[in-house]
Structures are given as C-alpha cells and as structure tokens.
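What follows is a short report on a single structure.
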Amino acid sequence: MNNNHPFRIGILGCGDISRSHGEAAQAIPEINIAACCDIRAEAARSWKAQYGCDAFYTDYRTMIREEDLDGVLIATWPNLHREHIEGCLAAGTRNILCEKALTLTGQDAMEIHRAVHEAGAFLMEGFMYRHHPLTRKLEHLLASGELGPVDNVRACFGTFDPETESGDDVTRNWRRREECGGGMPYDFACYCVNACRNFAGGIPERVYCRGDISPKYNVINRMYALIEYDTGCVGIIE
C-alpha cells in the first residue's frame, strides 16, 4: 500500500455494521472501498451511493473477478462466514478481514485456518479493540514486565436488549436469530474470550460456563464463564 495506490477493498454484506466500515474508510486516504456486494440489489446500490464506491454487485465472486481488489471485507452474518471466506479464497482473494464471530464452531475455525494457510492468504477477525491505543499501551506495559505476571483477566461486554421484536418475525435482527449465529457467544462473548486469551498469554485448559436462553428468541442472552490457562492465569467473562 502506498500513496499512489490506495488499498482497494470489496465489502461483502451491506447491513448495519458495513456502515461503520464505510465511514472509517472515508476517513483514511490509504483505503478505498472500491466495490460493495449484497444479495439485495437495492441495499448494495444504496451503499454504493452513500459511500461513493465505484460499483455494486449481488454476487461476490463476480465482484472479485471483475474488480482489481487488494482484499475483501466480510460483513455478513456469522453463519455465512465460513462459506464466504472459502469462496473468497477460491476466487483468488489473499487478504480478508472478517467480522466476528469468525465461525460458529471450533471445527469450522480449524478448517478455515487450514484453508487460509494452504492458500498463502491473510485472514483477520474484526476485533477493533485490539488496535486501540489503550490496548496497545497495556500490551506494552505487560511486555516490559513493569506490571509483573498476569494473575487474572476480567472481560465484560453488555447492553440492554428490551426484546421488542416478535419471536415470529423472520426479519428480526440477526442477533435474535439462532440460525444466523445470534446470541451472546457469537456477538459479545467472542470479544471477551479474545481479550482474555490476548492478555493471559497461555492456552485454555478448562472452561466453566453458566448462562441463560431467551425464551422469546431461543438464543443465549446471558453468559458468565471462567477460563483456566496453562500459565496459571484465570480469565473471567461476563
């Protein structure tokens, strides 16, 4: 990436989270979201007009084939991530930023890791907090030894959900749809797991978990966990 050639990205999925990426790209001269794609043609057309990309598509493979892209940003529902990552790799994409959660199962994650490695590609899960100056500062302090060894890491992430949407509404937000990867494990808890792993500096050995399921949506809406790492550190998730 250089000033004469901004990093050209194609974005897959033009829902709510895609707008955050669109606004961020507009503020970074080195980044150019050159094309957008959504199976809903009107959503893709509207996104193109709002964020000024060059073209819109309803098929991401066509977008990759016809555009000179340096990478693809996947902003679809979690249940589609594996399919889209593998499709991008097959189409020749070698730089992929995928929204969380990366997959719905550990097995899927391992198979994606293998596919990315075999393709010689780069894949990153979209945990924005990892690049925040405060996170970088804390990582620097820990690496310097100034704070001593880490005994425990507590990670909390929450919001109030009044559950106003009907449980029978098939168009309700994906976070309230089990088949789309809705619920705490794939929405909020993945951030906490990532943070604990980042600062614990070890491999998880045991996990204890307690949560609740929304009777209205049948997704996990509360989760509390304790993770024991081989370093002796404990991760606490709320």
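For the structure tokens, the naming scheme is as follows: chains receive sequential letters (A, B, ...) according to their order of presentation, residues are indexed from 1 within each chain, and ligands are indexed from 1 in presentation order.
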Based on the backbone DSSP call, show me all residues of range 68-108 of chain A assigned helix (DSSP H, G or I), as a VMD selection string. chain A and resid 78 to 90 106 to 108
For the residues in the current selection, export C-alpha atoms as a PDB file, in the first residue's frame.
ATOM      1  CA  PRO A  78     -21.765 -15.329  11.340  1.00  0.00           C
ATOM      2  CA  ASN A  79     -23.480 -18.410   9.916  1.00  0.00           C
ATOM      3  CA  LEU A  80     -22.266 -17.380   6.432  1.00  0.00           C
ATOM      4  CA  HIS A  81     -18.658 -16.556   7.286  1.00  0.00           C
ATOM      5  CA  ARG A  82     -17.079 -19.917   6.526  1.00  0.00           C
ATOM      6  CA  GLU A  83     -18.807 -20.162   3.147  1.00  0.00           C
ATOM      7  CA  HIS A  84     -17.775 -16.623   2.230  1.00  0.00           C
ATOM      8  CA  ILE A  85     -14.173 -16.989   3.414  1.00  0.00           C
ATOM      9  CA  GLU A  86     -13.732 -20.175   1.405  1.00  0.00           C
ATOM     10  CA  GLY A  87     -15.443 -18.599  -1.598  1.00  0.00           C
ATOM     11  CA  CYS A  88     -13.136 -15.581  -1.454  1.00  0.00           C
ATOM     12  CA  LEU A  89     -10.068 -17.818  -1.227  1.00  0.00           C
ATOM     13  CA  ALA A  90     -11.262 -19.872  -4.201  1.00  0.00           C
ATOM     14  CA  GLY A 106     -14.252 -24.683  16.736  1.00  0.00           C
ATOM     15  CA  GLN A 107     -14.060 -27.297  13.992  1.00  0.00           C
ATOM     16  CA  ASP A 108     -15.031 -24.709  11.382  1.00  0.00           C
TER      17      ASP A 108
END
Under the rule that only C-alpha atoms are counted, which of A:Glu228, A:Glu30, A:Asp169, A:Asp187 is the nearest residue to Arg206 in chain A?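 Among the listed residues, the smallest separation from Arg206 in chain A belongs to A:Glu228.
Distances from A:Ile64, A:Val219, A:Ile28, A:Leu12 to Cys180 in chain A were compared using only C-alpha atoms, and the smallest one belongs to A:Val219.
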Please list as a short mmCIF file (atom, residue, chain, number, x, y, z; two decimals) with C-alpha atoms, in the first residue's frame every residue within 9 Å of Arg176 in chain A, counting only C-alpha atoms and excluding residues in the same chain fewer than 5 positions away.
data_model
loop_
_atom_site.label_atom_id
_atom_site.label_comp_id
_atom_site.auth_asym_id
_atom_site.auth_seq_id
_atom_site.Cartn_x
_atom_site.Cartn_y
_atom_site.Cartn_z
CA GLU A 163 -36.60 -7.78 23.24
CA GLU A 165 -39.18 -7.67 18.22
CA GLY A 167 -40.18 -14.03 18.12
CA GLY A 181 -25.47 -17.10 14.78
CA GLY A 182 -27.36 -14.82 17.11
CA GLY A 183 -26.82 -14.76 20.86
CA SER A 214 -34.10 -16.17 25.85
CA LYS A 216 -38.59 -15.50 23.12
CA TYR A 217 -35.74 -16.00 20.62
CA ASN A 218 -34.07 -19.23 21.78
CA VAL A 219 -30.62 -17.63 21.79
#
Select, from A:Arg130, A:Cys37, A:Ile96, A:Cys53, the residue with the minimum atom-to-atom distance to Glu23 in chain A, counting only C-alpha atoms. A:Cys53
A:Glu125, A:Trp174, A:Ala91, A:Asn198: which is nearest His113 in chain A, counting only C-alpha atoms?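 Answer, going by the shortest atom-to-atom distance: A:Glu125.
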Which residue out of A:Met124, A:Ala109, A:Leu141, A:Leu147 has the minimum interatomic distance to Asn95 in chain A when only C-alpha atoms are used?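 Using only C-alpha atoms, the shortest distance to Asn95 in chain A belongs to A:Met124.
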I want to know what sits within 12 Å of Thr231 in chain A, based on only C-alpha atoms, with residues of the same chain fewer than 6 positions away left out; could you give that as a PyMOL selection string? chain A and resi 149-152+197+199-205
Report, in Å to a single decimal, how far apart CA of Met223 in chain A and CA of Tyr191 in chain A are. 12.6 Å
Where does DSSP see strand (DSSP E or B) in range 153-230 of chain A, if you list the residues as a list in words?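 Here are the strand (DSSP E or B) residues of range 153-230 of chain A: Val153, Arg154, Ala155, Pro204, Glu205, Arg206, Val207, Tyr208, Cys209, Arg210, Gly211, Asp212, Ile213, Ile220, Asn221, Arg222, Met223, Tyr224, Ala225, Leu226, Ile227, Glu228 and Tyr229 of chain A.
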All residues 9 Å or closer to Leu69 in chain A, only C-alpha atoms, same chain fewer than 6 positions away omitted, as a PDB file with N, CA, C and O atoms, in the first residue's frame:
ATOM      1  N   PHE A   7      -5.184   0.998  -0.898  1.00  0.00           N
ATOM      2  CA  PHE A   7      -5.561  -0.398  -0.747  1.00  0.00           C
ATOM      3  C   PHE A   7      -7.030  -0.548  -1.123  1.00  0.00           C
ATOM      4  O   PHE A   7      -7.911  -0.023  -0.460  1.00  0.00           O
ATOM      5  N   ARG A   8      -7.283  -1.276  -2.203  1.00  0.00           N
ATOM      6  CA  ARG A   8      -8.634  -1.409  -2.735  1.00  0.00           C
ATOM      7  C   ARG A   8      -9.360  -2.605  -2.106  1.00  0.00           C
ATOM      8  O   ARG A   8      -8.884  -3.733  -2.183  1.00  0.00           O
ATOM      9  N   ILE A   9     -10.511  -2.305  -1.506  1.00  0.00           N
ATOM     10  CA  ILE A   9     -11.277  -3.322  -0.796  1.00  0.00           C
ATOM     11  C   ILE A   9     -12.654  -3.488  -1.427  1.00  0.00           C
ATOM     12  O   ILE A   9     -13.273  -2.521  -1.869  1.00  0.00           O
ATOM     13  N   GLY A  10     -13.119  -4.727  -1.443  1.00  0.00           N
ATOM     14  CA  GLY A  10     -14.501  -5.005  -1.781  1.00  0.00           C
ATOM     15  C   GLY A  10     -15.199  -5.435  -0.507  1.00  0.00           C
ATOM     16  O   GLY A  10     -14.667  -6.259   0.245  1.00  0.00           O
ATOM     17  N   ALA A  34     -13.666   0.010  -2.994  1.00  0.00           N
ATOM     18  CA  ALA A  34     -13.930   0.229  -4.416  1.00  0.00           C
ATOM     19  C   ALA A  34     -15.234  -0.384  -4.886  1.00  0.00           C
ATOM     20  O   ALA A  34     -15.808   0.052  -5.887  1.00  0.00           O
ATOM     21  N   ALA A  35     -15.712  -1.429  -4.188  1.00  0.00           N
ATOM     22  CA  ALA A  35     -16.927  -2.110  -4.625  1.00  0.00           C
ATOM     23  C   ALA A  35     -17.639  -2.696  -3.415  1.00  0.00           C
ATOM     24  O   ALA A  35     -17.025  -3.017  -2.401  1.00  0.00           O
ATOM     25  N   MET A  63     -17.789  -9.852  -8.170  1.00  0.00           N
ATOM     26  CA  MET A  63     -17.085  -8.648  -7.724  1.00  0.00           C
ATOM     27  C   MET A  63     -15.576  -8.878  -7.700  1.00  0.00           C
ATOM     28  O   MET A  63     -14.799  -8.049  -8.188  1.00  0.00           O
ATOM     29  N   THR A  93      -8.813 -14.199  -3.621  1.00  0.00           N
ATOM     30  CA  THR A  93      -8.548 -13.176  -2.607  1.00  0.00           C
ATOM     31  C   THR A  93      -7.496 -13.667  -1.620  1.00  0.00           C
ATOM     32  O   THR A  93      -7.580 -14.791  -1.129  1.00  0.00           O
TER      33      THR A  93
END
List the spatial neighbours of Ser46 in chain A as a PDB file with all heavy atoms, in the first residue's frame - criterion: any atom at most 12 Å away, only C-alpha atoms, same-chain residues fewer than 2 positions off excluded.
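result_28.pdb written:
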ATOM      1  N   CYS A  14     -24.034  -5.514   3.050  1.00  0.00           N
ATOM      2  CA  CYS A  14     -24.292  -4.070   3.180  1.00  0.00           C
ATOM      3  C   CYS A  14     -25.303  -3.779   4.285  1.00  0.00           C
ATOM      4  O   CYS A  14     -26.168  -2.913   4.149  1.00  0.00           O
ATOM      5  CB  CYS A  14     -24.780  -3.509   1.845  1.00  0.00           C
ATOM      6  SG  CYS A  14     -23.566  -3.603   0.521  1.00  0.00           S
ATOM      7  N   GLY A  15     -25.209  -4.514   5.391  1.00  0.00           N
ATOM      8  CA  GLY A  15     -26.083  -4.295   6.531  1.00  0.00           C
ATOM      9  C   GLY A  15     -25.543  -3.238   7.468  1.00  0.00           C
ATOM     10  O   GLY A  15     -24.680  -2.424   7.102  1.00  0.00           O
ATOM     11  N   ARG A  19     -21.798  -0.039   7.527  1.00  0.00           N
ATOM     12  CA  ARG A  19     -21.755   1.426   7.515  1.00  0.00           C
ATOM     13  C   ARG A  19     -20.610   1.954   8.382  1.00  0.00           C
ATOM     14  O   ARG A  19     -20.024   2.997   8.072  1.00  0.00           O
ATOM     15  CB  ARG A  19     -23.100   1.981   7.971  1.00  0.00           C
ATOM     16  CG  ARG A  19     -24.190   1.790   6.923  1.00  0.00           C
ATOM     17  CD  ARG A  19     -25.455   2.526   7.292  1.00  0.00           C
ATOM     18  NE  ARG A  19     -26.338   1.705   8.108  1.00  0.00           N
ATOM     19  CZ  ARG A  19     -27.185   0.814   7.604  1.00  0.00           C
ATOM     20  NH1 ARG A  19     -27.239   0.620   6.300  1.00  0.00           N
ATOM     21  NH2 ARG A  19     -27.971   0.106   8.391  1.00  0.00           N
ATOM     22  N   CYS A  36     -18.957  -2.831  -3.542  1.00  0.00           N
ATOM     23  CA  CYS A  36     -19.753  -3.420  -2.478  1.00  0.00           C
ATOM     24  C   CYS A  36     -20.654  -4.496  -3.065  1.00  0.00           C
ATOM     25  O   CYS A  36     -20.965  -4.480  -4.264  1.00  0.00           O
ATOM     26  CB  CYS A  36     -20.579  -2.360  -1.757  1.00  0.00           C
ATOM     27  SG  CYS A  36     -21.780  -1.488  -2.803  1.00  0.00           S
ATOM     28  N   CYS A  37     -21.068  -5.427  -2.201  1.00  0.00           N
ATOM     29  CA  CYS A  37     -21.872  -6.546  -2.679  1.00  0.00           C
ATOM     30  C   CYS A  37     -22.897  -6.954  -1.632  1.00  0.00           C
ATOM     31  O   CYS A  37     -22.590  -7.018  -0.440  1.00  0.00           O
ATOM     32  CB  CYS A  37     -20.961  -7.724  -3.013  1.00  0.00           C
ATOM     33  SG  CYS A  37     -21.854  -9.211  -3.510  1.00  0.00           S
ATOM     34  N   ASP A  38     -24.099  -7.208  -2.061  1.00  0.00           N
ATOM     35  CA  ASP A  38     -25.149  -7.737  -1.207  1.00  0.00           C
ATOM     36  C   ASP A  38     -26.143  -8.467  -2.100  1.00  0.00           C
ATOM     37  O   ASP A  38     -26.376  -8.039  -3.239  1.00  0.00           O
ATOM     38  CB  ASP A  38     -25.852  -6.610  -0.436  1.00  0.00           C
ATOM     39  CG  ASP A  38     -26.619  -7.117   0.771  1.00  0.00           C
ATOM     40  OD1 ASP A  38     -27.650  -7.805   0.589  1.00  0.00           O
ATOM     41  OD2 ASP A  38     -26.189  -6.833   1.909  1.00  0.00           O
ATOM     42  N   ARG A  40     -29.130  -8.407  -1.838  1.00  0.00           N
ATOM     43  CA  ARG A  40     -30.225  -7.452  -2.032  1.00  0.00           C
ATOM     44  C   ARG A  40     -29.697  -6.314  -2.900  1.00  0.00           C
ATOM     45  O   ARG A  40     -28.941  -5.460  -2.427  1.00  0.00           O
ATOM     46  CB  ARG A  40     -30.721  -6.923  -0.696  1.00  0.00           C
ATOM     47  CG  ARG A  40     -31.173  -8.000   0.285  1.00  0.00           C
ATOM     48  CD  ARG A  40     -31.262  -7.426   1.693  1.00  0.00           C
ATOM     49  NE  ARG A  40     -29.962  -6.949   2.152  1.00  0.00           N
ATOM     50  CZ  ARG A  40     -29.788  -6.123   3.175  1.00  0.00           C
ATOM     51  NH1 ARG A  40     -30.833  -5.694   3.860  1.00  0.00           N
ATOM     52  NH2 ARG A  40     -28.573  -5.728   3.531  1.00  0.00           N
ATOM     53  N   ALA A  41     -30.101  -6.286  -4.135  1.00  0.00           N
ATOM     54  CA  ALA A  41     -29.561  -5.310  -5.085  1.00  0.00           C
ATOM     55  C   ALA A  41     -29.780  -3.877  -4.610  1.00  0.00           C
ATOM     56  O   ALA A  41     -28.885  -3.026  -4.752  1.00  0.00           O
ATOM     57  CB  ALA A  41     -30.196  -5.510  -6.462  1.00  0.00           C
ATOM     58  N   GLU A  42     -30.932  -3.585  -4.040  1.00  0.00           N
ATOM     59  CA  GLU A  42     -31.219  -2.219  -3.613  1.00  0.00           C
ATOM     60  C   GLU A  42     -30.313  -1.800  -2.457  1.00  0.00           C
ATOM     61  O   GLU A  42     -29.873  -0.651  -2.386  1.00  0.00           O
ATOM     62  CB  GLU A  42     -32.687  -2.087  -3.203  1.00  0.00           C
ATOM     63  CG  GLU A  42     -33.123  -0.661  -2.890  1.00  0.00           C
ATOM     64  CD  GLU A  42     -32.752   0.331  -3.986  1.00  0.00           C
ATOM     65  OE1 GLU A  42     -32.961   0.016  -5.179  1.00  0.00           O
ATOM     66  OE2 GLU A  42     -32.231   1.421  -3.647  1.00  0.00           O
ATOM     67  N   ALA A  43     -30.008  -2.743  -1.555  1.00  0.00           N
ATOM     68  CA  ALA A  43     -29.109  -2.435  -0.441  1.00  0.00           C
ATOM     69  C   ALA A  43     -27.709  -2.127  -0.955  1.00  0.00           C
ATOM     70  O   ALA A  43     -27.051  -1.191  -0.487  1.00  0.00           O
ATOM     71  CB  ALA A  43     -29.068  -3.604   0.535  1.00  0.00           C
ATOM     72  N   ALA A  44     -27.244  -2.898  -1.927  1.00  0.00           N
ATOM     73  CA  ALA A  44     -25.917  -2.668  -2.499  1.00  0.00           C
ATOM     74  C   ALA A  44     -25.880  -1.349  -3.271  1.00  0.00           C
ATOM     75  O   ALA A  44     -24.913  -0.593  -3.188  1.00  0.00           O
ATOM     76  CB  ALA A  44     -25.542  -3.824  -3.419  1.00  0.00           C
ATOM     77  N   LYS A  48     -23.478   1.884  -2.318  1.00  0.00           N
ATOM     78  CA  LYS A  48     -22.582   2.483  -3.316  1.00  0.00           C
ATOM     79  C   LYS A  48     -22.779   3.989  -3.376  1.00  0.00           C
ATOM     80  O   LYS A  48     -21.813   4.770  -3.388  1.00  0.00           O
ATOM     81  CB  LYS A  48     -22.833   1.874  -4.693  1.00  0.00           C
ATOM     82  CG  LYS A  48     -22.086   2.559  -5.840  1.00  0.00           C
ATOM     83  CD  LYS A  48     -22.470   1.939  -7.172  1.00  0.00           C
ATOM     84  CE  LYS A  48     -21.763   2.646  -8.333  1.00  0.00           C
ATOM     85  NZ  LYS A  48     -22.188   4.052  -8.481  1.00  0.00           N
ATOM     86  N   ALA A  49     -24.032   4.415  -3.395  1.00  0.00           N
ATOM     87  CA  ALA A  49     -24.322   5.842  -3.492  1.00  0.00           C
ATOM     88  C   ALA A  49     -23.901   6.592  -2.229  1.00  0.00           C
ATOM     89  O   ALA A  49     -23.370   7.713  -2.307  1.00  0.00           O
ATOM     90  CB  ALA A  49     -25.821   6.043  -3.744  1.00  0.00           C
ATOM     91  N   GLN A  50     -24.106   5.990  -1.071  1.00  0.00           N
ATOM     92  CA  GLN A  50     -23.797   6.673   0.182  1.00  0.00           C
ATOM     93  C   GLN A  50     -22.308   6.804   0.440  1.00  0.00           C
ATOM     94  O   GLN A  50     -21.843   7.835   0.942  1.00  0.00           O
ATOM     95  CB  GLN A  50     -24.459   5.948   1.349  1.00  0.00           C
ATOM     96  CG  GLN A  50     -24.238   6.634   2.695  1.00  0.00           C
ATOM     97  CD  GLN A  50     -25.051   6.012   3.811  1.00  0.00           C
ATOM     98  OE1 GLN A  50     -25.815   5.068   3.600  1.00  0.00           O
ATOM     99  NE2 GLN A  50     -24.893   6.525   5.020  1.00  0.00           N
ATOM    100  N   TYR A  51     -21.532   5.761   0.070  1.00  0.00           N
ATOM    101  CA  TYR A  51     -20.109   5.768   0.404  1.00  0.00           C
ATOM    102  C   TYR A  51     -19.198   5.951  -0.802  1.00  0.00           C
ATOM    103  O   TYR A  51     -17.977   5.909  -0.666  1.00  0.00           O
ATOM    104  CB  TYR A  51     -19.758   4.489   1.173  1.00  0.00           C
ATOM    105  CG  TYR A  51     -20.507   4.419   2.485  1.00  0.00           C
ATOM    106  CD1 TYR A  51     -21.604   3.576   2.639  1.00  0.00           C
ATOM    107  CD2 TYR A  51     -20.157   5.230   3.558  1.00  0.00           C
ATOM    108  CE1 TYR A  51     -22.321   3.533   3.822  1.00  0.00           C
ATOM    109  CE2 TYR A  51     -20.853   5.204   4.743  1.00  0.00           C
ATOM    110  CZ  TYR A  51     -21.938   4.356   4.869  1.00  0.00           C
ATOM    111  OH  TYR A  51     -22.656   4.325   6.043  1.00  0.00           O
ATOM    112  N   GLY A  52     -19.788   6.146  -1.954  1.00  0.00           N
ATOM    113  CA  GLY A  52     -19.015   6.552  -3.122  1.00  0.00           C
ATOM    114  C   GLY A  52     -18.088   5.515  -3.700  1.00  0.00           C
ATOM    115  O   GLY A  52     -17.048   5.865  -4.261  1.00  0.00           O
ATOM    116  N   CYS A  53     -18.431   4.229  -3.575  1.00  0.00           N
ATOM    117  CA  CYS A  53     -17.572   3.239  -4.219  1.00  0.00           C
ATOM    118  C   CYS A  53     -17.902   3.157  -5.710  1.00  0.00           C
ATOM    119  O   CYS A  53     -18.918   3.667  -6.174  1.00  0.00           O
ATOM    120  CB  CYS A  53     -17.691   1.875  -3.542  1.00  0.00           C
ATOM    121  SG  CYS A  53     -19.322   1.175  -3.486  1.00  0.00           S
ATOM    122  N   ALA A  55     -18.546   0.555  -7.820  1.00  0.00           N
ATOM    123  CA  ALA A  55     -19.502  -0.393  -8.385  1.00  0.00           C
ATOM    124  C   ALA A  55     -20.174  -1.202  -7.293  1.00  0.00           C
ATOM    125  O   ALA A  55     -19.662  -1.320  -6.183  1.00  0.00           O
ATOM    126  CB  ALA A  55     -18.785  -1.342  -9.355  1.00  0.00           C
ATOM    127  N   PHE A  56     -21.352  -1.761  -7.594  1.00  0.00           N
ATOM    128  CA  PHE A  56     -22.017  -2.663  -6.660  1.00  0.00           C
ATOM    129  C   PHE A  56     -22.355  -3.959  -7.374  1.00  0.00           C
ATOM    130  O   PHE A  56     -22.534  -4.000  -8.593  1.00  0.00           O
ATOM    131  CB  PHE A  56     -23.286  -2.024  -6.068  1.00  0.00           C
ATOM    132  CG  PHE A  56     -24.467  -1.988  -7.000  1.00  0.00           C
ATOM    133  CD1 PHE A  56     -25.389  -3.047  -7.034  1.00  0.00           C
ATOM    134  CD2 PHE A  56     -24.679  -0.904  -7.839  1.00  0.00           C
ATOM    135  CE1 PHE A  56     -26.485  -3.016  -7.874  1.00  0.00           C
ATOM    136  CE2 PHE A  56     -25.770  -0.873  -8.692  1.00  0.00           C
ATOM    137  CZ  PHE A  56     -26.676  -1.931  -8.714  1.00  0.00           C
ATOM    138  N   TYR A  57     -22.448  -5.029  -6.578  1.00  0.00           N
ATOM    139  CA  TYR A  57     -22.703  -6.366  -7.128  1.00  0.00           C
ATOM    140  C   TYR A  57     -23.678  -7.110  -6.221  1.00  0.00           C
ATOM    141  O   TYR A  57     -23.853  -6.762  -5.055  1.00  0.00           O
ATOM    142  CB  TYR A  57     -21.396  -7.168  -7.219  1.00  0.00           C
ATOM    143  CG  TYR A  57     -20.377  -6.587  -8.167  1.00  0.00           C
ATOM    144  CD1 TYR A  57     -19.508  -5.569  -7.736  1.00  0.00           C
ATOM    145  CD2 TYR A  57     -20.261  -7.046  -9.473  1.00  0.00           C
ATOM    146  CE1 TYR A  57     -18.562  -5.034  -8.606  1.00  0.00           C
ATOM    147  CE2 TYR A  57     -19.317  -6.515 -10.338  1.00  0.00           C
ATOM    148  CZ  TYR A  57     -18.474  -5.513  -9.900  1.00  0.00           C
ATOM    149  OH  TYR A  57     -17.537  -4.980 -10.760  1.00  0.00           O
TER     150      TYR A  57
END
CA of Met110 in chain A to CA of Asp70 in chain A, straight-line distance in Å: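 Separation between CA of Asp70 in chain A and CA of Met110 in chain A: 24.6 Å.
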Nearest to Arg65 in chain A by atom-to-atom distance, counting only C-alpha atoms, from A:Gly92, A:Thr103, A:Phe157, A:Ile39: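 For Arg65 in chain A, the nearest of the candidates is A:Gly92.
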Within 10 Å of Ala195 in chain A, counting only C-alpha atoms, which residues qualify if same-chain residues fewer than 3 places away don't, as a compact mmCIF listing (two decimals) with N, CA, C and O atoms, in the first residue's frame?
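Okay, around01.txt is ready:
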# COMPACT_ATOMS: atom_id res chain seq x y z
N PHE A 127 -11.78 -7.73 15.40
CA PHE A 127 -11.81 -7.22 16.77
C PHE A 127 -11.11 -5.86 16.82
O PHE A 127 -9.89 -5.78 16.97
N TYR A 129 -10.97 -3.55 19.01
CA TYR A 129 -10.33 -3.10 20.24
C TYR A 129 -8.85 -3.45 20.28
O TYR A 129 -8.06 -2.79 20.96
N ARG A 130 -8.44 -4.49 19.55
CA ARG A 130 -7.04 -4.91 19.56
C ARG A 130 -6.11 -3.84 18.99
O ARG A 130 -4.91 -3.85 19.22
N THR A 135 -5.28 -0.39 24.28
CA THR A 135 -4.91 -1.80 24.27
C THR A 135 -3.42 -1.95 23.98
O THR A 135 -2.72 -2.74 24.62
N VAL A 153 -7.58 -12.04 34.22
CA VAL A 153 -8.09 -11.06 33.26
C VAL A 153 -9.61 -11.09 33.33
O VAL A 153 -10.22 -12.16 33.24
N ARG A 154 -10.22 -9.95 33.54
CA ARG A 154 -11.68 -9.86 33.58
C ARG A 154 -12.16 -9.08 32.35
O ARG A 154 -11.71 -7.96 32.10
N ALA A 155 -13.05 -9.67 31.58
CA ALA A 155 -13.57 -9.04 30.37
C ALA A 155 -15.09 -8.99 30.43
O ALA A 155 -15.75 -10.02 30.59
N CYS A 156 -15.64 -7.78 30.31
CA CYS A 156 -17.09 -7.59 30.38
C CYS A 156 -17.59 -6.89 29.12
O CYS A 156 -16.94 -5.96 28.64
N ALA A 189 -19.58 -12.35 23.64
CA ALA A 189 -18.63 -13.18 24.38
C ALA A 189 -17.35 -13.43 23.60
O ALA A 189 -16.28 -13.61 24.20
N CYS A 190 -17.43 -13.44 22.27
CA CYS A 190 -16.22 -13.69 21.49
C CYS A 190 -15.18 -12.60 21.73
O CYS A 190 -13.98 -12.86 21.73
N TYR A 191 -15.62 -11.36 21.94
CA TYR A 191 -14.68 -10.29 22.28
C TYR A 191 -13.99 -10.59 23.61
O TYR A 191 -12.78 -10.41 23.76
N CYS A 192 -14.77 -11.03 24.59
CA CYS A 192 -14.22 -11.30 25.91
C CYS A 192 -13.24 -12.47 25.88
O CYS A 192 -12.18 -12.43 26.53
N ASN A 198 -5.67 -12.93 24.82
CA ASN A 198 -4.62 -11.99 24.44
C ASN A 198 -3.72 -11.65 25.64
O ASN A 198 -2.50 -11.62 25.51
N PHE A 199 -4.33 -11.42 26.80
CA PHE A 199 -3.55 -10.97 27.95
C PHE A 199 -3.12 -12.10 28.88
O PHE A 199 -2.22 -11.92 29.69
N ALA A 200 -3.79 -13.26 28.77
CA ALA A 200 -3.41 -14.38 29.64
C ALA A 200 -2.09 -15.01 29.20
O ALA A 200 -1.36 -15.55 30.01
N GLY A 235 -9.15 -16.39 33.31
CA GLY A 235 -9.94 -15.43 32.58
C GLY A 235 -11.37 -15.46 33.10
O GLY A 235 -11.95 -16.53 33.29
N ILE A 237 -15.19 -13.99 32.42
CA ILE A 237 -16.01 -13.39 31.36
C ILE A 237 -17.41 -13.10 31.87
O ILE A 237 -18.04 -13.93 32.50
Which distance in Å separates CA of Cys196 in chain A and CA of Asp161 in chain A, to one decimal?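 Computing it gives 24.6 Å between the two atoms.
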